[in-house]
Amino acid sequence: MAGDEWFFSELWVQELRPWFLHLLSDFVKTLSILGVLYVIWEVVNLLRIRGYPPDLLSNIEKTHFAFMWIALVSTSFNFVIKQVIVLWRKRKP
Amino acid sequence: MAKTKTLGFWENFEFFFLSDDDARWKAIGWIIAVVGCLGSLEFVVLSSNVDDVILTMGGIGMLMFIAWITLYCSAPRTKKNAVPTLLSRRGFVFQTSAILAAALMGIGIRRVQAEIVDRELEDASLFPTKQESINDVTAVLQKAKATQVRISADTTKRAGTRFAEASLSAPDAWPATQALLNYKSSLNTSHPNPRPQVRLPFRTFAYYTWFTAVPSTGVTYALGLSNPPDVAEVHPLDKPDVNVNQIPRATFFLITVARLKLDGMFMKNVIIKDSQVDYYGGEMVLRNVYFVNCTFSINLSQNGVQLAKGMFNAEPSITLQIPSSAPA
């Protein structure tokens, strides 16, 4: 039992805690960006309901799409490449 | 004096991705800002198509990433000053608050949208015989569908009942009534879903007797198992239910992507989903029938108005009997 406790404590301190902190840090920042994009999306909907010109709304939507696309790509890329590098490091002799 | 070792390219690369949060998120922020702006310009000013914009943004993003990494990894950095940076507690609190604020703001805006659309529908339905009101209702419903804003069931019910009642004296109000019916049906997302669920093989099953009564049966399922009288029934009014001797029987029938004519039909414990429903003002009996995301084609008549009013008042299933003696 004592051996098990030592193993899990070691696993948490050396492996899981740093991984969790990095993941949390990235997750929170990613969600912040997505939160802003969500608010802008709802604002565009609100403007549509208030009867703003469709041309203007279409242009705002296009801008929103461009930012949303690159935000999703770059944040997903960040998550993926981090894991790839961690795995690659572990395989290095 | 000990010589400080300078990090190589790949060590810097690893450090960038695994430890230097500040630098990495600074790069992500700049890439989003620059690529987003350029993509917007191409999309809005040059009116390029989506595929071209995505290709351009992908290319610029990749170039920026490579340039950033090259500059970062080429900078002299020793093990001593390569200190991992992580999210501080203050940063965590600030960013979590930002997420919560964004979520609350989004939900708040959504509520404002729903209130505006509700009010617009309520205002438009005050004078259902006016052409302007009829146009307004159609516009409001289109807006609600386009923005995926849910108009409250109460407002839909009030507006629909007003238009249905006005239709007999002002037939121009009838299309608006049907549009409201379609919308009301799209709000009916919940219905009973008992198990087991069996897709009915009509051709070899006794249930098939009503197969000929409808133009297109779509895909039909028997949901749940019950004993009479709490069982599903669908048959023409002038023909008996041939399944009467079967025990147990389905609690509900789920009819999907079908085209149904309600005239002359007896329906009990039935869920009609994603289907076209026609009614020409004939005799019919509906008991505990759900219309989920259906489109309606109902002839304007006293009976049609009665059916429409019944559907607007459905909570969410409808029970309604229209006898043959009722004036058509």
# chains A, B, ... in the order shown; residues from 1 in each chain; ligands from 1
>>> interface_residues(of="chain A", to="chain B", cutoff="10 Å", atoms="only C-alpha atoms", output="ChimeraX atom specification")
/A:18-19,21-22,24-26,28-51,58-75,77-79,81-83,85-86,89
>>> select_by_dssp(residues="segment 115-302 of chain B", states="alpha helix (DSSP H)", output="ChimeraX atom specification")
/B:115-124,131-147,153-167,174-187,302
>>> closest_residue(among="A:Glu10, A:Leu87, A:Ser76, A:Pro54", to="Phe27 of chain A", atoms="only C-alpha atoms")
A:Ser76
>>> atom_distance(atom1="atom CA of Thr129 of chain B", atom2="atom CA of Gln276 of chain B")
26.8 Å
